[in-house]
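S.K.: Provided herewith: run.txt, compact mmCIF, C-alpha atoms.
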```txt
# COMPACT_ATOMS: atom_id res chain seq x y z
CA MET S 1 -33.08 16.68 12.68
CA GLY S 2 -34.97 16.81 9.45
CA ILE S 3 -35.54 19.38 6.80
CA ARG S 4 -38.70 20.68 8.53
CA PHE S 5 -36.69 21.72 11.57
CA TRP S 6 -34.39 23.87 9.46
CA GLU S 7 -37.22 25.34 7.46
CA ARG S 8 -38.94 26.48 10.63
CA LYS S 9 -35.68 27.91 11.97
CA VAL S 10 -34.98 29.93 8.81
CA LYS S 11 -38.56 31.14 8.75
CA ALA S 12 -38.35 32.27 12.39
CA VAL S 13 -35.13 34.19 11.76
CA ASN S 14 -36.47 35.85 8.65
CA GLU S 15 -39.64 36.87 10.46
CA ASP S 16 -37.46 38.34 13.16
CA LEU S 17 -35.57 40.32 10.56
CA GLU S 18 -38.76 41.53 8.90
CA GLY S 19 -39.77 43.66 11.83
CA CYS S 20 -36.48 45.57 12.04
CA SER S 21 -35.65 48.84 10.47
CA LYS S 22 -32.63 49.00 8.19
CA LYS S 23 -30.52 50.62 10.89
CA ARG S 24 -31.29 47.92 13.40
CA ARG S 25 -30.63 45.23 10.85
CA ARG S 26 -27.11 46.53 10.40
CA GLN S 27 -26.57 46.47 14.14
CA ARG S 28 -27.55 42.87 14.44
CA PRO S 29 -24.92 40.87 12.60
CA HIS S 30 -25.44 37.89 14.87
CA VAL S 31 -28.87 37.29 13.43
CA LEU S 32 -27.53 37.16 9.91
CA THR S 33 -24.85 34.75 11.10
CA ASP S 34 -27.54 32.58 12.66
CA ALA S 35 -29.47 32.55 9.40
CA TYR S 36 -26.37 31.43 7.52
CA ILE S 37 -25.55 28.70 10.01
CA LEU S 38 -29.11 27.42 10.12
CA SER S 39 -29.40 26.89 6.38
CA PRO S 40 -29.25 23.17 5.50
CA SER S 41 -26.09 23.48 3.41
CA THR S 42 -23.93 24.18 6.43
CA PHE S 43 -24.34 21.25 8.83
CA THR S 44 -21.39 21.50 11.17
CA MET S 45 -19.77 19.71 14.03
CA ASP S 46 -19.12 21.39 17.31
CA TRP S 47 -15.65 21.39 18.89
CA GLN S 48 -16.33 18.34 21.02
CA GLY S 49 -17.64 16.52 17.96
CA GLN S 50 -14.51 17.31 15.97
CA LYS S 51 -12.35 15.79 18.66
CA VAL S 52 -14.57 12.71 18.79
CA ALA S 53 -14.48 12.41 15.00
CA GLU S 54 -10.68 12.54 14.90
CA GLN S 55 -10.24 9.99 17.68
CA LEU S 56 -12.86 7.72 16.17
CA MET S 57 -11.14 7.86 12.78
CA GLN S 58 -7.73 6.96 14.18
CA ILE S 59 -8.99 4.18 16.42
CA MET S 60 -11.18 2.63 13.73
CA LEU S 61 -8.38 2.59 11.15
CA VAL S 62 -5.87 1.03 13.54
CA VAL S 63 -8.34 -1.60 14.72
CA PHE S 64 -9.28 -2.53 11.17
CA ALA S 65 -5.61 -2.69 10.16
CA ILE S 66 -4.79 -5.08 13.00
CA ALA S 67 -7.84 -7.21 12.26
CA ALA S 68 -7.01 -7.28 8.56
CA PHE S 69 -3.40 -8.29 9.15
CA ILE S 70 -4.29 -11.08 11.57
CA THR S 71 -7.00 -12.37 9.25
CA GLY S 72 -4.73 -12.32 6.24
CA TYR S 73 -1.84 -13.96 8.06
CA ILE S 74 -3.89 -16.77 9.57
CA LEU S 75 -5.79 -17.56 6.39
CA GLY S 76 -2.69 -17.08 4.28
CA SER S 77 -4.23 -14.64 1.83
CA PHE S 78 -2.76 -11.24 1.04
CA GLU S 79 -5.84 -10.29 -0.96
CA LEU S 80 -8.11 -10.97 2.01
CA MET S 81 -6.04 -8.62 4.16
CA ILE S 82 -6.42 -5.86 1.58
CA TYR S 83 -10.17 -6.44 1.21
CA VAL S 84 -10.81 -6.38 4.97
CA TYR S 85 -8.74 -3.21 5.31
CA ALA S 86 -10.48 -1.55 2.36
CA GLY S 87 -13.84 -2.38 3.92
CA GLY S 88 -12.64 -0.85 7.16
CA VAL S 89 -11.55 2.32 5.40
CA VAL S 90 -14.94 2.67 3.70
CA LEU S 91 -16.72 2.15 7.02
CA THR S 92 -14.51 4.79 8.65
CA ILE S 93 -15.23 7.23 5.85
CA LEU S 94 -18.97 6.75 6.28
CA THR S 95 -18.72 7.18 10.05
CA THR S 96 -16.39 10.12 10.49
CA ILE S 97 -16.46 12.27 7.37
CA PRO S 98 -20.10 13.34 7.08
CA ASN S 99 -21.51 15.75 9.67
CA TRP S 100 -23.64 13.32 11.56
CA PRO S 101 -25.89 14.79 14.27
CA PHE S 102 -24.17 12.84 17.04
CA PHE S 103 -21.13 15.02 16.41
CA ASN S 104 -23.18 18.08 17.31
CA ARG S 105 -24.33 17.23 20.80
CA HIS S 106 -22.64 20.24 22.38
CA PRO S 107 -23.50 23.00 19.97
CA LEU S 108 -22.18 26.48 20.41
CA LYS S 109 -24.65 28.83 22.00
CA TRP S 110 -24.67 31.98 19.95
CA LEU S 111 -25.67 35.17 21.71
CA ASP S 112 -29.37 35.97 21.47
CA PRO S 113 -29.98 39.04 19.27
CA SER S 114 -31.89 40.89 21.96
CA GLU S 115 -29.00 40.36 24.36
CA ALA S 116 -26.53 41.66 21.81
CA GLU S 117 -28.33 44.97 21.62
CA LYS S 118 -27.97 45.48 25.34
CA HIS S 119 -24.17 45.13 25.11
CA PRO S 120 -22.99 47.16 22.14
CA LYS S 121 -19.52 46.56 20.76
CA PRO S 122 -16.85 48.81 22.22
CA GLN S 123 -15.66 51.50 19.81
CA VAL S 124 -11.95 51.32 19.02
CA THR S 125 -10.29 54.69 19.66
CA SER S 126 -7.76 55.47 16.93
CA SER S 127 -5.19 58.25 17.27
CA VAL S 128 -3.22 59.65 14.34
CA SER S 129 0.29 59.17 15.70
CA LYS S 130 0.69 56.72 18.46
CA LYS S 131 4.01 55.73 19.93
CA LYS S 132 4.10 52.32 21.46
CA THR S 133 4.79 52.51 25.15
CA PRO S 134 7.26 49.83 26.22
CA LYS S 135 5.71 47.13 28.35
CA LYS S 136 7.06 46.70 31.84
CA MET N 1 -10.59 18.34 12.15
CA HIS N 2 -12.42 21.42 11.11
CA SER N 3 -14.02 20.92 7.76
CA PHE N 4 -15.12 18.14 5.46
CA SER N 5 -12.04 18.33 3.25
CA PHE N 6 -9.74 18.58 6.27
CA ARG N 7 -11.13 15.36 7.74
CA ALA N 8 -11.07 13.60 4.37
CA ASN N 9 -7.41 14.52 3.84
CA ALA N 10 -6.44 13.39 7.34
CA LEU N 11 -8.21 10.09 6.87
CA LEU N 12 -6.62 9.50 3.47
CA THR N 13 -3.07 10.12 4.62
CA PHE N 14 -3.47 8.16 7.83
CA SER N 15 -5.00 5.16 6.07
CA LEU N 16 -2.21 5.10 3.48
CA THR N 17 0.47 5.30 6.17
CA ILE N 18 -1.12 2.39 8.00
CA LEU N 19 -1.32 0.45 4.72
CA ALA N 20 2.41 0.96 4.22
CA LEU N 21 3.08 -0.34 7.74
CA MET N 22 0.89 -3.39 7.10
CA CYS N 23 2.84 -4.20 3.93
CA ALA N 24 6.14 -3.85 5.79
CA MET N 25 4.92 -6.24 8.47
CA ALA N 26 3.77 -8.68 5.81
CA SER N 27 7.24 -8.58 4.28
CA LEU N 28 8.79 -9.23 7.68
CA THR N 29 6.79 -12.44 8.05
CA ASP N 30 8.67 -13.86 5.05
CA ASN N 31 11.69 -14.32 7.32
CA PHE N 32 9.82 -16.92 9.36
CA ASN N 33 9.71 -19.32 6.45
CA SER N 34 12.24 -22.14 6.28
CA PRO N 35 11.81 -23.68 2.84
CA SER N 36 12.97 -27.14 1.79
CA PRO N 37 13.04 -27.34 -2.00
CA THR N 38 14.33 -30.34 -3.94
CA ALA N 39 15.45 -30.71 -7.52
CA THR N 40 17.13 -33.15 -9.88
CA VAL N 41 18.47 -32.56 -13.38
CA GLN N 42 19.59 -35.05 -15.96
CA ILE N 43 21.30 -34.39 -19.26
CA LEU N 44 19.49 -36.63 -21.66
CA ASN N 45 21.69 -35.96 -24.64
CA VAL N 46 24.39 -33.65 -25.91
CA ASN N 47 22.86 -32.73 -29.25
CA ARG N 48 25.50 -30.40 -30.57
CA PHE N 49 29.06 -29.62 -29.58
CA GLN N 50 30.94 -27.49 -32.09
CA LYS N 51 33.52 -24.79 -32.26
CA LYS N 52 32.00 -21.77 -33.94
CA ALA N 53 33.69 -19.66 -36.54
CA SER N 54 34.49 -17.06 -33.90
CA GLY N 55 36.52 -19.63 -31.97
CA ASP N 56 34.02 -20.13 -29.14
CA ASP N 57 32.60 -23.49 -28.18
CA GLU N 58 28.87 -24.04 -28.34
CA VAL N 59 26.89 -26.85 -26.72
CA GLY N 60 23.28 -27.92 -27.28
CA VAL N 61 21.79 -30.25 -24.66
CA SER N 62 18.49 -31.89 -23.87
CA LEU N 63 17.62 -31.62 -20.20
CA ASP N 64 15.23 -33.39 -17.85
CA ILE N 65 14.47 -31.03 -14.98
CA SER N 66 12.23 -32.04 -12.10
CA ALA N 67 11.81 -29.97 -8.95
CA ASP N 68 9.52 -29.45 -5.99
CA LEU N 69 9.56 -25.78 -4.99
CA GLN N 70 6.22 -25.68 -3.21
CA SER N 71 7.71 -24.86 0.19
CA LEU N 72 8.99 -21.55 -1.17
CA PHE N 73 5.48 -20.10 -1.51
CA MET N 74 4.18 -17.90 1.32
CA TRP N 75 1.12 -15.69 1.65
CA ASN N 76 3.25 -12.78 0.50
CA THR N 77 4.62 -14.53 -2.59
CA LYS N 78 3.63 -13.30 -6.02
CA GLN N 79 5.69 -15.69 -8.13
CA VAL N 80 8.96 -17.63 -8.16
CA PHE N 81 11.46 -17.07 -10.93
CA VAL N 82 13.64 -20.14 -11.42
CA PHE N 83 16.57 -20.66 -13.77
CA LEU N 84 19.15 -23.35 -14.40
CA ALA N 85 22.74 -22.30 -14.90
CA ALA N 86 25.80 -24.28 -15.97
CA GLU N 87 28.74 -23.29 -13.79
CA TYR N 88 32.37 -24.14 -14.48
CA SER N 89 35.81 -22.62 -14.22
CA THR N 90 38.36 -22.10 -16.96
CA PRO N 91 41.93 -20.86 -16.96
CA LYS N 92 40.66 -17.50 -18.18
CA ASN N 93 37.68 -17.09 -15.77
CA SER N 94 37.45 -18.55 -12.29
CA LEU N 95 33.67 -18.76 -12.56
CA ASN N 96 31.52 -18.98 -15.65
CA GLN N 97 27.75 -19.05 -15.31
CA VAL N 98 25.65 -19.70 -18.38
CA SER N 99 21.88 -19.72 -18.05
CA LEU N 100 20.39 -22.64 -19.94
CA TRP N 101 16.72 -22.45 -19.02
CA ASP N 102 14.36 -20.32 -16.95
CA GLY N 103 10.71 -20.14 -16.06
CA ILE N 104 8.19 -18.29 -13.97
CA ILE N 105 6.09 -20.22 -11.46
CA PRO N 106 2.97 -18.19 -10.75
CA ALA N 107 1.32 -20.33 -8.08
CA LYS N 108 2.05 -22.99 -5.53
CA GLU N 109 0.27 -25.70 -7.53
CA ASP N 110 2.68 -25.22 -10.46
CA ALA N 111 5.75 -25.42 -8.26
CA LYS N 112 6.07 -29.18 -8.49
CA PHE N 113 7.06 -29.90 -12.06
CA SER N 114 9.02 -32.20 -14.30
CA ILE N 115 9.90 -31.12 -17.83
CA LYS N 116 12.03 -32.30 -20.67
CA THR N 117 13.44 -29.49 -22.75
CA LYS N 118 16.32 -28.42 -24.90
CA ASN N 119 18.36 -25.58 -23.51
CA LYS N 120 16.38 -22.37 -23.93
CA TYR N 121 19.44 -20.17 -24.20
CA ARG N 122 22.64 -20.91 -26.04
CA PHE N 123 25.47 -22.44 -24.11
CA ILE N 124 28.46 -20.59 -25.55
CA ASP N 125 31.84 -20.39 -23.89
CA GLN N 126 34.26 -17.47 -23.96
CA GLY N 127 36.91 -19.34 -25.80
CA SER N 128 37.41 -22.99 -26.51
CA ASN N 129 37.58 -24.60 -23.07
CA LEU N 130 34.64 -26.95 -22.97
CA ARG N 131 36.06 -30.23 -24.19
CA GLY N 132 36.08 -32.63 -21.29
CA ARG N 133 35.04 -29.88 -18.93
CA ASP N 134 33.44 -30.73 -15.57
CA PHE N 135 30.54 -28.45 -14.67
CA ASN N 136 27.74 -28.01 -12.11
CA LEU N 137 24.14 -27.41 -13.00
CA THR N 138 22.84 -24.98 -10.41
CA LEU N 139 19.15 -24.29 -9.96
CA HIS N 140 18.65 -20.67 -8.85
CA TRP N 141 15.36 -19.25 -7.68
CA HIS N 142 14.11 -15.78 -6.83
CA VAL N 143 11.05 -15.61 -4.59
CA MET N 144 9.30 -12.42 -5.68
CA PRO N 145 6.97 -11.00 -3.02
CA LYS N 146 3.76 -9.08 -3.30
CA THR N 147 5.36 -6.41 -1.10
CA GLY N 148 8.82 -6.09 0.32
CA LYS N 149 12.08 -7.96 0.06
CA MET N 150 12.93 -10.52 -2.60
CA PHE N 151 14.80 -13.65 -1.53
CA ALA N 152 17.15 -15.59 -3.76
CA ASP N 153 18.78 -18.94 -3.20
CA LYS N 154 20.21 -21.84 -5.15
CA LEU N 155 20.74 -25.57 -5.21
CA VAL N 156 24.01 -26.92 -6.64
CA LEU N 157 23.89 -30.19 -8.59
CA PRO N 158 27.47 -31.26 -9.34
CA GLY N 159 28.97 -33.98 -11.38
CA PHE N 160 28.30 -33.24 -15.04
CA ARG N 161 30.92 -33.55 -17.74
CA LEU N 162 31.06 -32.55 -21.36
CA PRO N 163 32.40 -34.93 -24.01
CA GLU N 164 36.07 -35.01 -24.79
CA SER N 165 35.67 -34.22 -28.49
CA TYR N 166 33.37 -32.30 -30.75
CA ARG N 167 30.27 -33.92 -32.24
```
What do you get writing this file as structure tokens?
M.R.:
Amino acid sequence: MGIRFWERKVKAVNEDLEGCSKKRRRQRPHVLTDAYILSPSTFTMDWQGQKVAEQLMQIMLVVFAIAAFITGYILGSFELMIYVYAGGVVLTILTTIPNWPFFNRHPLKWLDPSEAEKHPKPQVTSSVSKKKTPKK
Amino acid sequence: MHSFSFRANALLTFSLTILALMCAMASLTDNFNSPSPTATVQILNVNRFQKKASGDDEVGVSLDISADLQSLFMWNTKQVFVFLAAEYSTPKNSLNQVSLWDGIIPAKEDAKFSIKTKNKYRFIDQGSNLRGRDFNLTLHWHVMPKTGKMFADKLVLPGFRLPESYR
């Protein structure tokens, strides 16, 4: 997903905001959240992607460690073991640390703004003195 | 694994833990080595044999040391520290060890050597017990690893004797 995609998204959200009155803008916090999430500086992973990233990191490091040890032992070179392992660590960093798009295949579906208006947030009733009733 | 820094921290700590385990395993493989070093030492000449003003005997010798320590080197070996000690017993001390020469062998190619040298360190007794004394020249070595445990061993070469009178 390139920069054009995000530009169009931000533009669509801002146009959506343009048509609202100030009162309605305050009632639509989800839209502002969308605009924040859609800006290019906040690429994220979804929950499934985080799990995949963690598993991938652990598996890759262990596999590279085993490969490095076997290579170093057979060829009789401690330095070679360290170099292979260091290469494996760099590869793991490049694969699991940045927010690649394949970590975001199951993105969270935020509530559509028009839907949010139909279901307003429940108002919390607050009483001055409230004794806690013991739970049964 | 929520944020960038969280993932980076987890990766860093996990990779360092695994590195520590790899080094421990590498050190364990040192136990599978069964080395077979050989060495011979000859005393070419006793250059000096005097009683010092303090009452202690001092000996100066020229040595011919040749050894083959190549089988000590493993993939986890950084260097081998080798030293030659004169060992003898006196009425005062049951065991005296005096280091006469030492050296560091940095690589397997340098482990087969033959040198002629005077004693690098002074051979001074605690007292005046060296006339006619029988002693062993023992070659000690310490195999220093890149990671893990250091192994030390020795080879005893008996049958040396100091002169009966001062020179």
S.K.: For chain N, work out the contacting residues on chain S at 10 Å, counting only C-alpha atoms, and write them as a PyMOL selection string.
M.R.: chain S and resi 44-47+49-54+57-58+61-62+65-66+68-69+72-79+81-82+85-86+88-89+92-93+96-99
S.K.: What would the file look like if the residues just selected were written as a short mmCIF file (atom, residue, chain, number, x, y, z; two decimals), keeping the file's coordinate frame with C-alpha atoms?
M.R.:
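And here's result_13.cif as it stands now:
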```cif
data_model
loop_
_atom_site.label_atom_id
_atom_site.label_comp_id
_atom_site.auth_asym_id
_atom_site.auth_seq_id
_atom_site.Cartn_x
_atom_site.Cartn_y
_atom_site.Cartn_z
CA THR S 44 -21.39 21.50 11.17
CA MET S 45 -19.77 19.71 14.03
CA ASP S 46 -19.12 21.39 17.31
CA TRP S 47 -15.65 21.39 18.89
CA GLY S 49 -17.64 16.52 17.96
CA GLN S 50 -14.51 17.31 15.97
CA LYS S 51 -12.35 15.79 18.66
CA VAL S 52 -14.57 12.71 18.79
CA ALA S 53 -14.48 12.41 15.00
CA GLU S 54 -10.68 12.54 14.90
CA MET S 57 -11.14 7.86 12.78
CA GLN S 58 -7.73 6.96 14.18
CA LEU S 61 -8.38 2.59 11.15
CA VAL S 62 -5.87 1.03 13.54
CA ALA S 65 -5.61 -2.69 10.16
CA ILE S 66 -4.79 -5.08 13.00
CA ALA S 68 -7.01 -7.28 8.56
CA PHE S 69 -3.40 -8.29 9.15
CA GLY S 72 -4.73 -12.32 6.24
CA TYR S 73 -1.84 -13.96 8.06
CA ILE S 74 -3.89 -16.77 9.57
CA LEU S 75 -5.79 -17.56 6.39
CA GLY S 76 -2.69 -17.08 4.28
CA SER S 77 -4.23 -14.64 1.83
CA PHE S 78 -2.76 -11.24 1.04
CA GLU S 79 -5.84 -10.29 -0.96
CA MET S 81 -6.04 -8.62 4.16
CA ILE S 82 -6.42 -5.86 1.58
CA TYR S 85 -8.74 -3.21 5.31
CA ALA S 86 -10.48 -1.55 2.36
CA GLY S 88 -12.64 -0.85 7.16
CA VAL S 89 -11.55 2.32 5.40
CA THR S 92 -14.51 4.79 8.65
CA ILE S 93 -15.23 7.23 5.85
CA THR S 96 -16.39 10.12 10.49
CA ILE S 97 -16.46 12.27 7.37
CA PRO S 98 -20.10 13.34 7.08
CA ASN S 99 -21.51 15.75 9.67
#
```
S.K.: Interatomic distance between atom CA of Leu108 of chain S and atom CA of Lys9 of chain S?
M.R.: 16.0 Å
S.K.: Nearest residue to Val59 of chain N out of N:Ser71, N:Ser114, N:Ser165, N:Ser34, using all atoms listed in the file?
M.R.: N:Ser165
S.K.: So, with only C-alpha atoms as the atoms that count, which of N:Ser89, N:Asn96, N:Asn119, N:Thr40 lies closest to Asp68 of chain N?
M.R.: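 For Asp68 of chain N, the nearest of the given residues is N:Thr40.
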S.K.: Quick one: residues within 7 Å of segment 131-144 of chain N, only C-alpha atoms counted, chain neighbours fewer than 2 positions away excluded, as a ChimeraX atom specification?
M.R.: /N:77-88,129,146,150-165
S.K.: Can you work out the spacing between atom CA of Pro37 of chain N and atom CA of Lys112 of chain N in Å, to one decimal?
M.R.: 9.7 Å
S.K.: Lys116 of chain N: which residues within 9 Å, counting only C-alpha atoms, same-chain residues fewer than 6 positions away excluded, as a PyMOL selection string?
M.R.: chain N and resi 44+62-66
S.K.: Got time to write the residues from that selection, C-alpha atoms, as a short mmCIF file (atom, residue, chain, number, x, y, z; two decimals), keeping the file's coordinate frame?
M.R.:
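Generated file (result_15.cif):
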```cif
data_model
loop_
_atom_site.label_atom_id
_atom_site.label_comp_id
_atom_site.auth_asym_id
_atom_site.auth_seq_id
_atom_site.Cartn_x
_atom_site.Cartn_y
_atom_site.Cartn_z
CA LEU N 44 19.49 -36.63 -21.66
CA SER N 62 18.49 -31.89 -23.87
CA LEU N 63 17.62 -31.62 -20.20
CA ASP N 64 15.23 -33.39 -17.85
CA ILE N 65 14.47 -31.03 -14.98
CA SER N 66 12.23 -32.04 -12.10
#
```
S.K.: In Å, how far is it from atom CA of Thr117 of chain N to atom CA of Leu69 of chain N?
M.R.: 18.6 Å
S.K.: Calculate, to one decimal in Å, the centre and edge lengths of the box along x, y and z of the file that holds all listed atoms of segment 104-121 of chain S with 4 Å of margin on each side, and present them as lines of an AutoDock Vina configuration file.
M.R.:
```
center_x = -25.7
center_y = 32.2
center_z = 21.3
size_x = 20.4
size_y = 37.9
size_z = 16.0
```
S.K.: Using only C-alpha atoms, can you tell me which of S:Val84, S:Thr95, S:Arg105, S:His119 comes closest to Ile70 of chain S?
M.R.: S:Val84
S.K.: So, counting all atoms listed in the file, which residue among N:Ala53, N:Ile115, N:Leu72, N:Glu58 is closest to Val41 of chain N?
M.R.: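 Among N:Ala53, N:Ile115, N:Leu72, N:Glu58, it is N:Ile115 that comes nearest to Val41 of chain N.
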